[in-house]
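*Asks:* Sharing run.cif here; it has mmCIF, C-alpha atoms.
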data_query
loop_
_atom_site.label_atom_id
_atom_site.label_comp_id
_atom_site.auth_asym_id
_atom_site.auth_seq_id
_atom_site.Cartn_x
_atom_site.Cartn_y
_atom_site.Cartn_z
CA MET A 1 156.54 43.30 -70.93
CA LEU A 2 156.05 42.69 -67.28
CA TYR A 3 154.33 39.67 -65.88
CA LYS A 4 152.59 39.73 -62.57
CA VAL A 5 153.52 36.73 -60.44
CA THR A 6 151.13 35.69 -57.70
CA PRO A 7 152.08 33.23 -55.00
CA MET A 8 150.38 29.87 -55.12
CA MET A 9 147.25 29.87 -52.97
CA PRO A 10 146.24 26.74 -51.11
CA PRO A 11 143.03 25.18 -52.43
CA PRO A 12 139.90 26.04 -50.47
CA ALA A 13 139.19 23.56 -47.72
CA THR A 14 136.22 21.38 -48.53
CA LYS A 15 133.77 20.69 -45.79
CA GLU A 16 133.43 16.97 -45.44
CA PRO A 17 130.42 15.95 -43.41
CA LYS A 18 131.33 14.22 -40.20
CA ALA A 19 130.34 10.60 -40.12
CA ARG A 20 127.63 9.85 -37.59
CA GLU A 21 128.46 7.50 -34.79
CA ALA A 22 126.37 4.36 -34.58
CA GLY A 23 123.15 4.95 -32.66
CA GLN A 24 123.25 8.74 -32.97
CA PRO A 25 120.23 10.47 -34.54
CA ARG A 26 120.59 12.47 -37.71
CA LYS A 27 120.92 16.22 -37.37
CA ARG A 28 117.63 17.80 -38.34
CA ARG A 29 117.27 20.99 -40.30
CA LYS A 30 115.46 23.81 -38.51
CA SER A 31 112.17 24.43 -40.21
CA ALA A 32 110.71 27.78 -39.37
CA ILE A 33 107.94 29.43 -41.36
CA PHE A 34 107.60 33.20 -41.46
CA ASP A 35 104.67 35.34 -42.59
CA ALA A 36 104.86 38.47 -44.77
CA GLU A 37 105.73 40.72 -41.81
CA GLY A 38 108.61 38.47 -40.77
CA HIS A 39 106.94 36.93 -37.73
CA GLU A 40 107.40 33.23 -37.14
CA VAL A 41 104.22 31.23 -37.69
CA LEU A 42 103.62 27.97 -35.84
CA ILE A 43 101.68 25.51 -37.95
CA SER A 44 99.88 22.70 -36.20
CA LEU A 45 98.40 19.57 -37.72
CA MET A 46 95.97 17.03 -36.34
CA CYS A 47 97.26 13.48 -36.08
CA LEU A 48 94.85 11.12 -37.82
CA LYS A 49 95.51 8.36 -35.29
CA CYS A 50 95.44 10.05 -31.86
CA ARG A 51 93.29 13.03 -32.98
CA THR A 52 95.42 15.65 -31.20
CA LEU A 53 96.75 18.93 -32.56
CA LYS A 54 100.54 18.97 -32.59
CA PRO A 55 103.16 21.29 -34.11
CA LEU A 56 104.41 20.60 -37.62
CA ALA A 57 107.80 19.52 -36.23
CA GLN A 58 106.13 16.43 -34.74
CA PHE A 59 105.26 15.14 -38.22
CA GLY A 60 107.84 13.68 -40.58
CA LEU A 61 108.05 13.95 -44.34
CA ARG A 62 106.96 11.29 -46.78
CA LYS A 63 108.14 10.77 -50.36
CA MET A 64 105.29 9.82 -52.64
CA ALA A 65 105.55 7.65 -55.77
CA ASP A 66 105.04 10.65 -58.06
CA GLY A 67 108.00 12.48 -56.46
CA ALA A 68 105.95 14.76 -54.24
CA ILE A 69 107.02 15.22 -50.62
CA ARG A 70 104.19 15.48 -48.11
CA ASN A 71 103.77 15.44 -44.36
CA GLN A 72 103.18 12.17 -42.55
CA PRO A 73 99.55 11.77 -41.42
CA TRP A 74 100.56 10.36 -38.00
CA CYS A 75 102.69 12.15 -35.40
CA ARG A 76 106.06 10.75 -34.33
CA THR A 77 104.73 9.16 -31.14
CA CYS A 78 102.00 7.27 -33.01
CA ARG A 79 104.43 6.14 -35.71
CA SER A 80 106.96 4.91 -33.15
CA GLY A 81 104.40 2.55 -31.62
CA ALA A 82 102.86 1.42 -34.92
CA GLY A 83 105.35 -1.32 -35.82
CA LYS A 84 105.56 -2.98 -32.41
CA PRO A 85 103.82 -6.34 -32.10
CA LYS A 86 100.80 -6.28 -29.86
CA GLU A 87 100.59 -8.56 -26.87
CA LYS A 88 97.84 -11.09 -27.27
CA VAL A 89 96.04 -11.27 -23.94
CA GLU A 90 93.72 -14.12 -24.95
CA GLU A 91 96.56 -16.50 -25.80
CA ASN A 92 98.26 -15.76 -22.48
CA VAL A 93 95.08 -16.58 -20.58
CA VAL A 94 94.55 -19.82 -22.51
CA ALA A 95 98.17 -20.82 -21.92
CA ALA A 96 97.82 -20.15 -18.19
CA VAL A 97 94.63 -22.23 -18.01
CA ALA A 98 96.30 -25.07 -19.94
CA ASN A 99 99.10 -25.23 -17.35
CA LEU A 100 96.71 -25.69 -14.43
CA GLN A 101 96.52 -29.14 -12.86
CA VAL A 102 93.46 -30.68 -11.29
CA VAL A 103 94.12 -32.00 -7.79
CA LEU A 104 91.38 -33.96 -6.08
CA ALA A 105 90.62 -32.90 -2.53
CA PRO A 106 90.72 -35.62 0.15
CA ALA A 107 87.32 -37.12 0.87
CA VAL A 108 85.66 -35.65 3.93
CA PRO A 109 83.96 -38.38 6.00
CA THR A 110 80.24 -37.86 6.52
CA GLU A 111 78.07 -39.13 9.39
CA GLU A 112 76.74 -42.03 7.28
CA ASP A 113 80.31 -43.26 6.64
CA GLU A 114 81.17 -43.06 10.35
CA ALA A 115 77.94 -44.72 11.53
CA PRO A 116 78.95 -48.41 10.87
CA ILE A 117 82.31 -47.83 12.53
CA ALA A 118 80.65 -46.27 15.55
CA LEU A 119 78.19 -49.18 15.84
CA ALA A 120 80.95 -51.79 15.53
CA SER A 121 82.99 -50.12 18.24
CA ARG A 122 80.02 -50.13 20.66
CA GLY A 123 79.89 -53.79 20.44
#
As structure tokens, what does this structure read like?
*Replies:*
Amino acid sequence: MLYKVTPMMPPPATKEPKAREAGQPRKRRKSAIFDAEGHEVLISLMCLKCRTLKPLAQFGLRKMADGAIRNQPWCRTCRSGAGKPKEKVEENVVAAVANLQVVLAPAVPTEEDEAPIALASRG
């Protein structure tokens, strides 16, 4: 009986994902939607905050409690500014007024104040 001997093959190389460097954005998957004829369809949604129509790529995905994945209702630009603290203009004005100091102006002599001096100098 003859046995067939095959040389040892190296194991297939596994693709290990490259670690992201700190501060680098994640690589996003291309999301293209095609119709029945094979043409690409651009879907646009209206942002509920800024009320503008933007392409679907401008909206992120959201994982719901029941496991469903839906689109975010706000576009990326509205969501990026949502968590920033707002500047309180009223407090700044009050603080500026509180730092003001009241300085009395020098008294301006009137004619009545100068009259006794003028009479005394005449003699």
*Asks:* To one decimal place in Å, what is the distance between atom CA of Gly60 of chain A and atom CA of Arg76 of chain A?
*Replies:*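 So the two atoms, atom CA of Gly60 of chain A and atom CA of Arg76 of chain A, lie 7.1 Å apart.
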*Asks:* Distance atom CA of Arg70 of chain A-atom CA of Ile33 of chain A, one decimal place?
*Replies:*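 Atom CA of Ile33 of chain A lies at a distance of 15.9 Å from atom CA of Arg70 of chain A.
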*Asks:* Grab the atom CA of Asn71 of chain A to atom CA of Ile43 of chain A distance for me, in Å with one decimal place.
*Replies:* 12.1 Å
*Asks:* Pick from A:Tyr3, A:Lys15, A:Met8, A:Val41: nearest to Pro55 of chain A, with all atoms listed in the file counted?
*Replies:*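 Of the candidates, the smallest distance to Pro55 of chain A is held by A:Val41.
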*Asks:* As a ChimeraX atom specification, please: the residues near segment 47-54 of chain A (cut-off 10 Å, all atoms listed in the file, same-chain neighbours under 4 positions excluded).
*Replies:* /A:43,58-59,72-79
*Asks:* Identify all residues satisfying the PyMOL selection byres ((chain A and resi 32) around 12) in the given file; provide them as a list in words.
*Replies:*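 Answer for the PyMOL selection byres ((chain A and resi 32) around 12): Arg29, Lys30, Ser31, Ile33, Phe34, Asp35, Gly38, His39, Glu40, Val41, Leu42, Ile43, Pro55, Leu56 and Ala57 of chain A.
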